[in-house]
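Trainee: Below is the file structure-v2.txt, with compact mmCIF, C-alpha atoms and all ligand atoms.
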# COMPACT_ATOMS: atom_id res chain seq x y z
CA MET A 101 155.32 34.87 69.61
CA LYS A 102 155.48 34.62 65.85
CA ILE A 103 152.31 36.13 64.40
CA LEU A 104 150.77 36.04 60.91
CA VAL A 105 148.06 38.54 59.98
CA ILE A 106 145.89 37.79 56.94
CA GLY A 107 144.51 40.61 54.78
CA SER A 108 145.64 43.80 53.09
CA GLY A 109 143.36 46.69 54.05
CA GLY A 110 143.19 49.49 56.58
CA ARG A 111 141.73 47.08 59.13
CA GLU A 112 144.77 44.84 58.79
CA HIS A 113 147.16 47.78 59.06
CA ALA A 114 145.46 48.76 62.32
CA LEU A 115 145.67 45.16 63.57
CA VAL A 116 149.36 44.92 62.66
CA TRP A 117 150.12 48.32 64.23
CA LYS A 118 148.46 47.32 67.50
CA LEU A 119 149.87 43.76 67.58
CA ALA A 120 153.36 45.18 66.88
CA GLN A 121 153.15 47.17 70.13
CA SER A 122 152.81 43.98 72.19
CA PRO A 123 155.88 42.70 74.06
CA HIS A 124 154.69 39.21 73.08
CA ALA A 125 155.26 39.84 69.36
CA THR A 126 158.74 38.74 68.26
CA HIS A 127 158.02 38.32 64.55
CA LEU A 128 155.13 39.50 62.43
CA TRP A 129 154.16 38.69 58.86
CA CYS A 130 151.20 39.97 56.88
CA ALA A 131 149.71 38.19 53.85
CA PRO A 132 149.58 40.03 51.56
CA GLY A 133 149.70 43.36 53.48
CA ASN A 134 150.29 46.77 51.92
CA ALA A 135 152.94 49.49 51.75
CA GLY A 136 152.10 50.94 55.17
CA ILE A 137 152.13 47.57 56.90
CA ALA A 138 155.60 46.94 55.44
CA GLN A 139 156.88 50.05 57.26
CA GLU A 140 155.85 48.86 60.73
CA ARG A 141 158.35 47.58 63.29
CA LEU A 142 157.91 45.53 66.43
CA ALA A 143 158.15 47.46 69.71
CA GLN A 144 159.88 44.54 71.43
CA ASN A 145 162.92 44.10 69.18
CA GLY A 146 162.69 46.62 66.32
CA VAL A 147 162.26 43.84 63.76
CA ALA A 148 160.44 44.96 60.59
CA VAL A 149 157.02 43.51 59.73
CA GLU A 150 157.30 41.42 56.56
CA CYS A 151 154.64 41.39 53.86
CA LEU A 152 154.23 38.11 52.01
CA ASN A 153 153.32 37.56 48.39
CA LEU A 154 150.42 35.32 49.43
CA GLY A 155 146.73 35.99 48.80
CA ALA A 156 144.30 36.14 51.74
CA GLU A 157 142.22 33.38 50.15
CA ASP A 158 145.10 31.06 49.24
CA LEU A 159 144.40 28.70 52.12
CA PRO A 160 146.83 25.88 51.19
CA GLN A 161 149.78 28.28 50.82
CA LEU A 162 148.92 30.14 54.02
CA LEU A 163 148.76 26.85 55.89
CA ALA A 164 152.09 25.72 54.42
CA PHE A 165 153.70 29.01 55.44
CA ALA A 166 152.34 28.84 59.00
CA GLN A 167 153.57 25.26 59.37
CA ASP A 168 156.96 25.97 57.84
CA ARG A 169 157.65 29.05 59.99
CA LYS A 170 156.00 27.60 63.08
CA VAL A 171 153.66 30.57 63.44
CA ASP A 172 152.29 30.77 67.00
CA LEU A 173 149.18 32.82 66.22
CA THR A 174 147.40 33.61 62.95
CA VAL A 175 144.97 36.56 62.95
CA VAL A 176 142.36 36.70 60.18
CA GLY A 177 141.09 40.14 59.07
CA PRO A 178 138.63 39.74 56.14
CA ASP A 179 135.39 37.75 55.88
CA ASN A 180 136.21 35.65 52.82
CA PRO A 181 138.93 33.41 54.29
CA LEU A 182 136.69 32.91 57.35
CA ALA A 183 133.77 31.85 55.14
CA LEU A 184 136.15 29.54 53.26
CA GLY A 185 136.99 27.79 56.53
CA ILE A 186 140.56 28.91 57.19
CA VAL A 187 140.05 28.64 60.96
CA ASP A 188 138.81 25.05 60.74
CA LEU A 189 141.70 24.15 58.41
CA PHE A 190 144.40 25.61 60.68
CA GLN A 191 142.83 24.05 63.77
CA ARG A 192 142.76 20.63 62.11
CA HIS A 193 146.52 21.00 61.72
CA GLY A 194 147.00 22.00 65.34
CA LEU A 195 147.74 25.68 64.64
CA LYS A 196 146.42 28.51 66.82
CA ILE A 197 144.32 30.91 64.79
CA TRP A 198 142.06 33.81 65.76
CA GLY A 199 138.77 34.37 63.91
CA VAL A 200 135.44 32.59 63.59
CA ASN A 201 135.15 29.07 62.21
CA GLN A 202 133.14 28.28 59.08
CA LYS A 203 129.93 27.49 60.92
CA ALA A 204 130.11 30.76 62.86
CA ALA A 205 131.03 32.69 59.69
CA GLN A 206 127.53 31.90 58.39
CA PHE A 207 126.23 34.84 60.40
CA GLU A 208 127.90 37.00 57.78
CA SER A 209 127.92 34.72 54.75
CA SER A 210 124.16 34.03 54.86
CA LYS A 211 121.58 36.68 55.68
CA VAL A 212 118.86 34.01 55.71
CA PHE A 213 120.79 32.09 58.36
CA SER A 214 121.19 35.24 60.50
CA GLN A 215 117.57 36.32 60.16
CA LYS A 216 116.27 32.87 61.15
CA PHE A 217 118.65 32.79 64.10
CA MET A 218 117.60 36.24 65.31
CA GLU A 219 113.92 35.33 65.10
CA LYS A 220 114.42 31.98 66.83
CA TYR A 221 116.37 33.44 69.75
CA GLY A 222 114.46 36.70 70.17
CA ILE A 223 117.19 39.12 69.10
CA PRO A 224 115.58 42.48 68.25
CA THR A 225 115.60 42.91 64.46
CA ALA A 226 113.42 44.16 61.60
CA ALA A 227 110.24 42.28 60.69
CA ALA A 228 111.25 40.16 57.72
CA GLY A 229 110.46 37.37 55.32
CA MET A 230 112.81 34.94 53.54
CA PHE A 231 112.15 33.74 50.03
CA ASP A 232 113.45 31.61 47.19
CA ASP A 233 110.30 32.26 45.14
CA VAL A 234 109.93 35.51 43.19
CA SER A 235 106.12 35.87 43.41
CA ALA A 236 106.04 35.20 47.14
CA ALA A 237 108.85 37.73 47.61
CA LYS A 238 106.92 40.40 45.71
CA ARG A 239 103.73 39.68 47.67
CA PHE A 240 105.66 40.22 50.91
CA CYS A 241 107.03 43.55 49.60
CA ALA A 242 103.44 44.58 48.84
CA SER A 243 102.44 43.79 52.43
CA LEU A 244 105.03 46.43 53.46
CA ASP A 245 103.73 48.92 50.84
CA GLY A 246 107.08 48.49 49.07
CA LYS A 247 108.90 50.26 51.93
CA CYS A 248 111.43 47.56 52.44
CA VAL A 249 115.03 46.44 52.07
CA VAL A 250 115.75 43.53 49.74
CA LYS A 251 118.95 41.64 50.60
CA ALA A 252 120.73 38.93 48.64
CA ASP A 253 121.37 35.98 50.96
CA GLY A 254 125.07 35.44 50.28
CA LEU A 255 128.27 37.48 50.35
CA ALA A 256 128.08 40.23 47.70
CA LEU A 257 131.03 42.47 48.63
CA GLY A 258 128.71 44.51 50.84
CA LYS A 259 126.60 45.49 47.83
CA GLY A 260 123.72 43.03 47.83
CA VAL A 261 121.27 45.28 49.70
CA LEU A 262 118.65 47.37 47.87
CA ILE A 263 116.58 49.95 49.72
CA CYS A 264 113.10 50.49 48.24
CA THR A 265 110.53 53.19 48.89
CA ASN A 266 107.60 51.83 46.84
CA GLN A 267 106.29 48.60 45.32
CA THR A 268 107.65 49.32 41.82
CA GLU A 269 111.16 49.71 43.20
CA ALA A 270 110.72 46.65 45.39
CA GLU A 271 109.63 44.45 42.46
CA ARG A 272 112.55 45.71 40.40
CA ALA A 273 114.91 44.89 43.30
CA VAL A 274 113.52 41.37 43.61
CA ASP A 275 113.84 40.85 39.85
CA ASP A 276 117.39 42.23 39.79
CA ILE A 277 118.60 40.04 42.62
CA MET A 278 116.62 36.81 42.06
CA VAL A 279 116.10 36.75 38.29
CA GLY A 280 118.83 38.99 36.83
CA LYS A 281 121.32 37.64 39.43
CA THR A 282 122.98 41.06 39.69
CA PHE A 283 124.91 39.74 42.67
CA GLY A 284 125.43 36.26 41.23
CA PRO A 285 124.48 33.10 43.13
CA ALA A 286 124.31 35.16 46.35
CA GLY A 287 120.83 36.19 45.14
CA ALA A 288 119.23 32.75 44.87
CA ARG A 289 117.46 33.54 48.14
CA VAL A 290 116.55 36.91 49.62
CA VAL A 291 115.75 38.38 53.00
CA ILE A 292 113.21 41.19 52.81
CA GLN A 293 113.11 43.45 55.86
CA GLU A 294 110.76 46.25 56.77
CA PHE A 295 112.50 49.61 56.28
CA LEU A 296 113.66 50.89 59.66
CA GLU A 297 114.18 54.55 60.41
CA GLY A 298 116.72 55.82 62.89
CA MET A 299 120.39 56.45 63.57
CA GLU A 300 122.68 53.65 62.44
CA ILE A 301 125.68 52.64 64.56
CA SER A 302 128.19 49.80 64.72
CA LEU A 303 128.67 47.49 67.66
CA HIS A 304 131.57 45.12 68.18
CA ALA A 305 131.97 42.38 70.76
CA LEU A 306 134.93 40.09 71.26
CA CYS A 307 133.71 36.55 71.93
CA ASP A 308 135.36 33.33 73.12
CA GLY A 309 132.45 30.93 72.66
CA VAL A 310 130.99 31.62 76.11
CA THR A 311 131.84 35.19 77.05
CA ALA A 312 131.32 38.37 75.00
CA ARG A 313 133.00 41.67 75.79
CA ILE A 314 131.29 44.68 74.22
CA PHE A 315 133.28 47.56 72.68
CA PRO A 316 132.25 51.23 72.89
CA THR A 317 129.94 52.43 70.09
CA SER A 318 131.23 53.68 66.74
CA GLN A 319 129.64 54.99 63.56
CA ASP A 320 130.60 54.31 59.97
CA HIS A 321 129.81 56.59 56.98
CA LYS A 322 128.83 54.29 54.11
CA ARG A 323 127.91 56.77 51.40
CA ALA A 324 130.55 58.31 49.16
CA LEU A 325 129.54 61.95 49.57
CA ASP A 326 128.92 64.45 52.38
CA GLY A 327 125.46 64.42 53.94
CA ASP A 328 125.14 60.65 53.29
CA LEU A 329 124.63 61.21 49.57
CA GLY A 330 126.09 59.28 46.65
CA LEU A 331 126.80 55.60 46.22
CA ASN A 332 127.40 53.05 48.94
CA THR A 333 131.06 52.35 49.68
CA GLY A 334 133.05 50.06 51.94
CA GLY A 335 133.07 52.94 54.45
CA MET A 336 134.39 56.51 54.16
CA GLY A 337 135.14 57.18 57.81
CA THR A 338 134.33 56.36 61.41
CA TYR A 339 134.44 57.76 64.88
CA SER A 340 134.19 56.44 68.41
CA PRO A 341 132.54 56.87 70.81
CA THR A 342 129.17 58.03 69.52
CA PRO A 343 126.84 60.15 71.68
CA PHE A 344 123.78 58.07 70.73
CA LEU A 345 123.85 55.44 73.49
CA THR A 346 124.72 56.12 77.11
CA GLU A 347 126.86 53.59 78.98
CA ALA A 348 123.71 52.22 80.58
CA GLN A 349 121.88 51.96 77.23
CA LEU A 350 124.88 50.23 75.70
CA ALA A 351 124.91 47.72 78.56
CA ASP A 352 121.16 47.10 78.04
CA THR A 353 121.65 46.71 74.30
CA ALA A 354 124.53 44.30 74.85
CA ARG A 355 122.29 42.22 77.13
CA GLU A 356 119.41 42.22 74.65
CA ILE A 357 121.61 41.12 71.77
CA LEU A 358 124.61 39.26 73.16
CA ASP A 359 122.84 37.12 75.78
CA PRO A 360 120.38 35.54 73.33
CA PHE A 361 123.16 35.36 70.74
CA LEU A 362 125.42 33.31 72.99
CA ARG A 363 122.52 31.18 74.20
CA GLY A 364 121.51 30.49 70.59
CA CYS A 365 125.07 29.61 69.62
CA ALA A 366 125.26 27.12 72.51
CA GLU A 367 121.97 25.51 71.44
CA GLU A 368 122.95 25.33 67.77
CA GLY A 369 126.44 24.00 68.51
CA ILE A 370 128.19 27.11 67.17
CA ASP A 371 131.50 27.81 68.88
CA TYR A 372 131.72 31.57 68.24
CA ARG A 373 135.29 32.77 68.87
CA GLY A 374 136.12 36.06 67.21
CA ILE A 375 134.46 39.40 66.67
CA LEU A 376 130.70 39.74 66.43
CA TYR A 377 129.91 43.02 64.68
CA PRO A 378 126.21 43.81 64.50
CA GLY A 379 125.01 46.72 62.38
CA LEU A 380 122.37 48.42 64.53
CA MET A 381 119.49 50.81 63.86
CA LEU A 382 118.45 52.90 66.85
CA THR A 383 114.71 53.05 66.18
CA LYS A 384 111.94 54.69 68.20
CA SER A 385 111.08 51.27 69.57
CA GLY A 386 114.67 50.51 70.56
CA PRO A 387 117.87 49.22 68.94
CA LYS A 388 117.41 46.61 66.19
CA VAL A 389 120.01 44.47 64.45
CA LEU A 390 120.16 45.00 60.66
CA GLU A 391 122.83 42.41 60.03
CA PHE A 392 125.66 40.51 61.64
CA ASN A 393 129.26 40.63 60.49
CA ALA A 394 131.72 38.06 61.78
CA ARG A 395 134.95 40.07 61.75
CA PHE A 396 136.32 43.50 62.62
CA GLY A 397 134.75 46.41 60.71
CA ASP A 398 136.82 48.47 58.30
CA PRO A 399 137.23 51.38 59.15
CA GLU A 400 135.81 50.75 62.65
CA THR A 401 138.99 48.87 63.60
CA GLN A 402 141.08 51.99 63.03
CA VAL A 403 139.18 54.00 65.65
CA TYR A 404 138.81 51.11 68.07
CA LEU A 405 142.45 50.09 68.13
CA THR A 406 143.64 53.66 68.61
CA ARG A 407 141.50 53.71 71.79
CA LEU A 408 142.15 50.18 73.08
CA GLU A 409 144.57 50.06 76.02
CA ASN A 410 144.84 46.27 76.38
CA ASP A 411 147.56 44.19 74.77
CA LEU A 412 145.82 42.95 71.60
CA VAL A 413 147.86 39.72 71.46
CA GLU A 414 146.59 38.79 74.94
CA LEU A 415 142.99 39.59 74.00
CA LEU A 416 143.02 37.58 70.78
CA VAL A 417 144.68 34.61 72.47
CA ALA A 418 142.03 34.76 75.21
CA SER A 419 139.30 34.87 72.55
CA ALA A 420 140.78 31.87 70.73
CA GLU A 421 141.42 29.88 73.93
CA GLY A 422 138.14 30.62 75.72
CA THR A 423 139.61 32.58 78.65
CA LEU A 424 138.02 35.97 78.00
CA ALA A 425 136.00 35.84 81.25
CA ALA A 426 139.21 36.66 83.13
CA MET A 427 139.82 39.81 81.10
CA GLU A 428 138.28 43.27 80.98
CA LEU A 429 138.61 45.56 77.98
CA ARG A 430 140.19 48.91 78.77
CA TRP A 431 139.56 51.96 76.57
CA SER A 432 141.23 55.33 76.68
CA SER A 433 138.86 58.18 77.48
CA SER A 434 139.96 59.87 74.24
CA ALA A 435 137.79 59.97 71.13
CA SER A 436 139.08 58.79 67.76
CA VAL A 437 138.17 59.80 64.19
CA CYS A 438 139.19 58.07 60.95
CA VAL A 439 138.79 59.87 57.60
CA VAL A 440 139.16 57.63 54.56
CA MET A 441 140.98 59.12 51.58
CA ALA A 442 139.81 57.34 48.44
CA SER A 443 140.85 57.32 44.79
CA GLY A 444 138.93 59.70 42.53
CA GLY A 445 135.99 57.80 41.03
CA TYR A 446 135.63 55.31 43.90
CA PRO A 447 133.33 53.36 44.39
CA GLY A 448 133.18 53.32 40.57
CA SER A 449 136.30 52.83 38.45
CA TYR A 450 139.43 54.72 39.49
CA PRO A 451 143.06 55.01 38.45
CA LYS A 452 145.90 53.30 40.32
CA GLY A 453 149.55 54.25 40.67
CA GLN A 454 149.08 57.89 41.76
CA VAL A 455 152.05 59.04 43.87
CA ILE A 456 151.12 59.84 47.50
CA THR A 457 153.03 62.62 49.28
CA GLY A 458 152.90 64.08 52.78
CA LEU A 459 152.59 60.78 54.65
CA GLU A 460 155.57 61.47 56.92
CA ALA A 461 154.35 64.96 57.73
CA ALA A 462 150.88 63.62 58.58
CA ASN A 463 152.26 60.82 60.76
CA ALA A 464 154.52 63.32 62.57
CA LEU A 465 151.47 65.21 63.85
CA PRO A 466 150.58 64.44 67.48
CA ARG A 467 148.07 61.63 68.20
CA THR A 468 147.84 60.80 64.51
CA LYS A 469 148.27 57.58 62.57
CA VAL A 470 147.79 57.15 58.85
CA PHE A 471 146.64 53.59 58.22
CA HIS A 472 147.20 52.36 54.68
CA ALA A 473 144.55 50.43 52.74
CA GLY A 474 145.04 50.41 48.94
CA THR A 475 148.71 51.41 48.68
CA ALA A 476 151.82 49.90 47.11
CA ALA A 477 155.52 50.76 47.05
CA LYS A 478 156.91 51.55 43.61
CA ALA A 479 160.40 52.84 42.81
CA GLY A 480 160.90 54.21 46.31
CA GLN A 481 157.54 55.95 46.39
CA ILE A 482 154.17 55.07 47.88
CA VAL A 483 151.44 54.95 45.24
CA THR A 484 147.68 54.36 45.25
CA ASN A 485 146.64 50.78 44.59
CA GLY A 486 142.94 50.55 45.46
CA GLY A 487 139.66 52.40 45.97
CA ARG A 488 140.06 53.19 49.63
CA VAL A 489 143.66 54.34 49.89
CA LEU A 490 144.28 55.62 53.44
CA GLY A 491 142.48 55.79 56.78
CA VAL A 492 143.77 58.99 58.33
CA THR A 493 143.14 58.53 62.04
CA ALA A 494 143.62 60.89 64.97
CA TRP A 495 142.55 60.94 68.58
CA GLY A 496 142.02 63.65 71.15
CA ARG A 497 140.30 64.47 74.41
CA ASP A 498 136.91 64.70 72.69
CA LEU A 499 135.41 64.18 69.24
CA LYS A 500 135.86 67.80 68.27
CA ASN A 501 139.60 67.64 68.92
CA ALA A 502 139.97 64.27 67.24
CA GLN A 503 138.03 65.48 64.20
CA ALA A 504 140.15 68.64 63.86
CA ALA A 505 143.35 66.59 64.19
CA ALA A 506 142.22 64.03 61.60
CA TYR A 507 141.37 66.74 59.05
CA ALA A 508 144.68 68.54 59.75
CA ALA A 509 146.45 65.31 58.86
CA VAL A 510 144.29 64.82 55.75
CA ALA A 511 145.35 68.31 54.62
CA ALA A 512 149.00 67.21 54.76
CA VAL A 513 148.48 64.24 52.42
CA HIS A 514 148.21 64.57 48.64
CA PHE A 515 147.56 62.39 45.63
CA GLU A 516 145.94 63.16 42.30
CA GLY A 517 142.15 62.88 42.49
CA ALA A 518 142.03 62.22 46.25
CA HIS A 519 138.46 62.12 47.49
CA PHE A 520 137.28 62.21 51.10
CA ARG A 521 134.23 63.24 53.05
CA ARG A 522 134.42 66.48 55.02
CA ASP A 523 131.70 65.56 57.50
CA ILE A 524 133.06 62.53 59.33
CA ALA A 525 131.78 62.71 62.93
CA ALA A 526 129.53 65.66 62.07
CA LYS A 527 126.44 63.67 63.12
CA ALA A 528 127.80 63.79 66.64
CA GLN A 529 127.32 67.58 66.31
CA VAL A 530 130.86 68.51 67.19
CA THR A 531 131.32 71.18 64.54
P1 LIG B 601 123.41 45.39 55.59
O1 LIG B 601 124.52 44.91 54.70
O2 LIG B 601 122.35 44.37 55.81
O3 LIG B 601 123.89 46.03 56.87
O4 LIG B 601 122.74 46.61 54.82
C1 LIG B 601 123.52 47.65 54.29
C2 LIG B 601 122.93 48.98 54.66
O5 LIG B 601 121.57 49.06 54.24
C3 LIG B 601 122.88 49.22 56.16
O6 LIG B 601 124.10 49.74 56.60
C4 LIG B 601 121.73 50.19 56.29
O7 LIG B 601 122.15 51.52 56.02
C5 LIG B 601 120.79 49.76 55.21
N1 LIG B 601 119.77 48.85 55.75
C6 LIG B 601 119.86 47.51 55.87
N2 LIG B 601 118.73 47.00 56.40
C7 LIG B 601 117.91 48.03 56.62
C8 LIG B 601 116.57 48.16 57.15
N3 LIG B 601 115.87 47.09 57.53
N4 LIG B 601 116.04 49.39 57.24
C9 LIG B 601 116.74 50.49 56.83
N5 LIG B 601 117.98 50.44 56.31
C10 LIG B 601 118.57 49.23 56.20
As a first step, turn the structure in this file into structure tokens.
Ligand code: AMP
Mentor:
Amino acid sequence: MKILVIGSGGREHALVWKLAQSPHATHLWCAPGNAGIAQERLAQNGVAVECLNLGAEDLPQLLAFAQDRKVDLTVVGPDNPLALGIVDLFQRHGLKIWGVNQKAAQFESSKVFSQKFMEKYGIPTAAAGMFDDVSAAKRFCASLDGKCVVKADGLALGKGVLICTNQTEAERAVDDIMVGKTFGPAGARVVIQEFLEGMEISLHALCDGVTARIFPTSQDHKRALDGDLGLNTGGMGTYSPTPFLTEAQLADTAREILDPFLRGCAEEGIDYRGILYPGLMLTKSGPKVLEFNARFGDPETQVYLTRLENDLVELLVASAEGTLAAMELRWSSSASVCVVMASGGYPGSYPKGQVITGLEAANALPRTKVFHAGTAAKAGQIVTNGGRVLGVTAWGRDLKNAQAAAYAAVAAVHFEGAHFRRDIAAKAQVT
């Protein structure tokens, strides 16, 4: 099969790496990809993965490429092309593509849509109100004593969420989002949720419109600094599994969330084929959904795909074709840890073009894979080209082993100003 992967981050490198292991993959392109993706080769025939000079949001060019090269399967990584309707476009032209369609992408592109859906179909979530009026929004914050989370409705690069501890902060948050338009038009409407306390984890489920297959649990580390301090980032590291839900609790949680989700989709005429990725708070009164994402998490993908034993091509085809009921997901019993190495200054401004050394040494370590995110090739060297640069991933018989292996690999890699957290997986108390 000829496969095209869309995107350029660590998630896409992990997808490419796993797809390249499939005997079904005979040719693989990535648009636009990165320097690590360009080094991958297909297991079946040794052919190199090719990166294309095509943007992930350039829908007409991506379509033209897929038609010209007769691509058999397109795999979409990031949320933006999904929200722009790339799946609908490709399907209209008779091309097989994996990812959610535009209607289904609303679960991520509109927090108001998701909140209304969760309330209508009884999915456990935070108590919330939805507003397009500033005074009404502030009154609702007051009813929560200002202990609330104010969220811009639309896509805001993962930044449109303000956590407030009192009414003054809450009013400022409402003003910033709705009046000051800090996050642009995404803030025309807001969802205001009660502040929930608990341990936060990520869930993923692969869906085919009718069937959903739950993944093991994982946990992201959103803040830039150790101890969950500092600014919010795209994610500084992950691990899987987490010790916070037993198998039985995970099965219960899947039932409480996925059953009403699929029932609601059927009633609303939403054909959900792709990944459903709920952010979950494990509260004293049970797990509650904070938000839905409609694609693989980054860096959750890196830990999941290093544990997945199935052929990913077969799984994604089953998800796109609606035949997932016949398949079971198989996971290795190993644990996996991904430590993100970021550019100095990230998530603020940071330099680009720093030379990265030690990648070969790190990749030569056992059970280790360095996934590239913001990297580029320049004059025969690999240089930094983004905020999150690498997702250094390792697996082992338990979290403690995986964590030690991941940090051993991190120690082998160098670039000027490299910043990473030293406590990835520490919440699982493995140190
Ligand atoms: P979201 O993009 O909606 O997942 O929100 C981003 C982050 O804000 C989450 O990962 C949580 O850490 C935090 N958050 C969101 N909603 C809530 C809530 N209702 N209570 C506490 N924290 C929240």
Trainee: As a VMD selection string, please: every protein or nucleic acid residue near ligand LIG 601 (chain B) (cut-off 9 Å, counting only C-alpha atoms and all ligand atoms).
Mentor: chain A and resid 211 225 to 228 247 to 251 258 to 263 292 to 298 300 to 301 320 to 322 332 378 to 381 388 to 393
Trainee: Show me the residues close to (147.6, 56.3, 65.4) - anything with an atom within 9 Å, counting all atoms listed in the file - and format the list as a short mmCIF file (atom, residue, chain, number, x, y, z; two decimals) with C-alpha atoms, keeping the file's coordinate frame.
Mentor:
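Saved file out-v1.cif follows:
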data_model
loop_
_atom_site.label_atom_id
_atom_site.label_comp_id
_atom_site.auth_asym_id
_atom_site.auth_seq_id
_atom_site.Cartn_x
_atom_site.Cartn_y
_atom_site.Cartn_z
CA ALA A 114 145.46 48.76 62.32
CA TRP A 117 150.12 48.32 64.23
CA GLN A 402 141.08 51.99 63.03
CA VAL A 403 139.18 54.00 65.65
CA LEU A 405 142.45 50.09 68.13
CA THR A 406 143.64 53.66 68.61
CA ASN A 463 152.26 60.82 60.76
CA PRO A 466 150.58 64.44 67.48
CA ARG A 467 148.07 61.63 68.20
CA THR A 468 147.84 60.80 64.51
CA LYS A 469 148.27 57.58 62.57
CA VAL A 470 147.79 57.15 58.85
CA PHE A 471 146.64 53.59 58.22
CA VAL A 492 143.77 58.99 58.33
CA THR A 493 143.14 58.53 62.04
CA ALA A 494 143.62 60.89 64.97
CA TRP A 495 142.55 60.94 68.58
#
Trainee: Can you tell me, as a list of chain:residue names, what residues are no more than 10 Å from Ala435 (chain A) when counting all atoms listed in the file, ignoring any on the same chain fewer than 6 positions away?
Mentor: A:Tyr339, A:Ser340, A:Pro341, A:Thr342, A:Val403, A:Tyr404, A:Thr406, A:Arg407, A:Ala494, A:Trp495, A:Gly496, A:Arg497, A:Asp498, A:Leu499, A:Lys500, A:Asn501, A:Ala502, A:Gln503
Trainee: Nearest to Cys130 (chain A) among A:Leu244, A:Ala477, A:Val171, A:Ile456, with distances taken over only C-alpha atoms: which residue is it?
Mentor: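 For Cys130 (chain A), the nearest of the candidates is A:Val171.
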Trainee: Point out the residue among A:Asp326, A:Pro316, A:Leu408, A:Ile370 with the least atom-to-atom distance to Glu347 (chain A), counting all atoms listed in the file.
Mentor: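 Nearest candidate to Glu347 (chain A) out of A:Asp326, A:Pro316, A:Leu408, A:Ile370: A:Pro316.
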Trainee: Would you mind reading off the distance between CA of Ala286 (chain A) and CA of Pro181 (chain A), one decimal, in Å?
Mentor: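 Value for the CA of Ala286 (chain A)-CA of Pro181 (chain A) distance: 16.7 Å.
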Trainee: Between A:Ala204, A:Leu490, A:Ala464, A:Ala425, which one has atoms that come closest to Arg111 (chain A), using all atoms listed in the file?
Mentor: A:Leu490
Trainee: Go through A:Leu154, A:Ala312, A:Leu376, A:Phe165 and flag the residue nearest Gln206 (chain A), using only C-alpha atoms for the distances.
Mentor: A:Leu376
Trainee: Looking at A:Arg239, A:His113, A:Lys102, A:Lys170, which one is nearest to Thr401 (chain A), with distances taken over only C-alpha atoms?
Mentor: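 Residue with the minimum atom-to-atom distance to Thr401 (chain A): A:His113.
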Trainee: Just give me the gap between CA of Val310 (chain A) and CA of Ala366 (chain A) in Å, one decimal is fine.
Mentor: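 Separation between CA of Val310 (chain A) and CA of Ala366 (chain A): 8.1 Å.
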Trainee: Please identify all polymer residues within 8 Å of region 276-285 of chain A, counting all atoms listed in the file, omitting same-chain residues fewer than 6 positions from it, and present them as JSON, numbers by chain.
Mentor: {"A": [232, 234, 252, 254, 256, 259, 260]}
Trainee: May I ask which of the residues A:Ser432, A:Gln139, A:Ser318, A:Ser443 is the closest one to Gly474 (chain A), counting all atoms listed in the file?
Mentor: A:Ser443
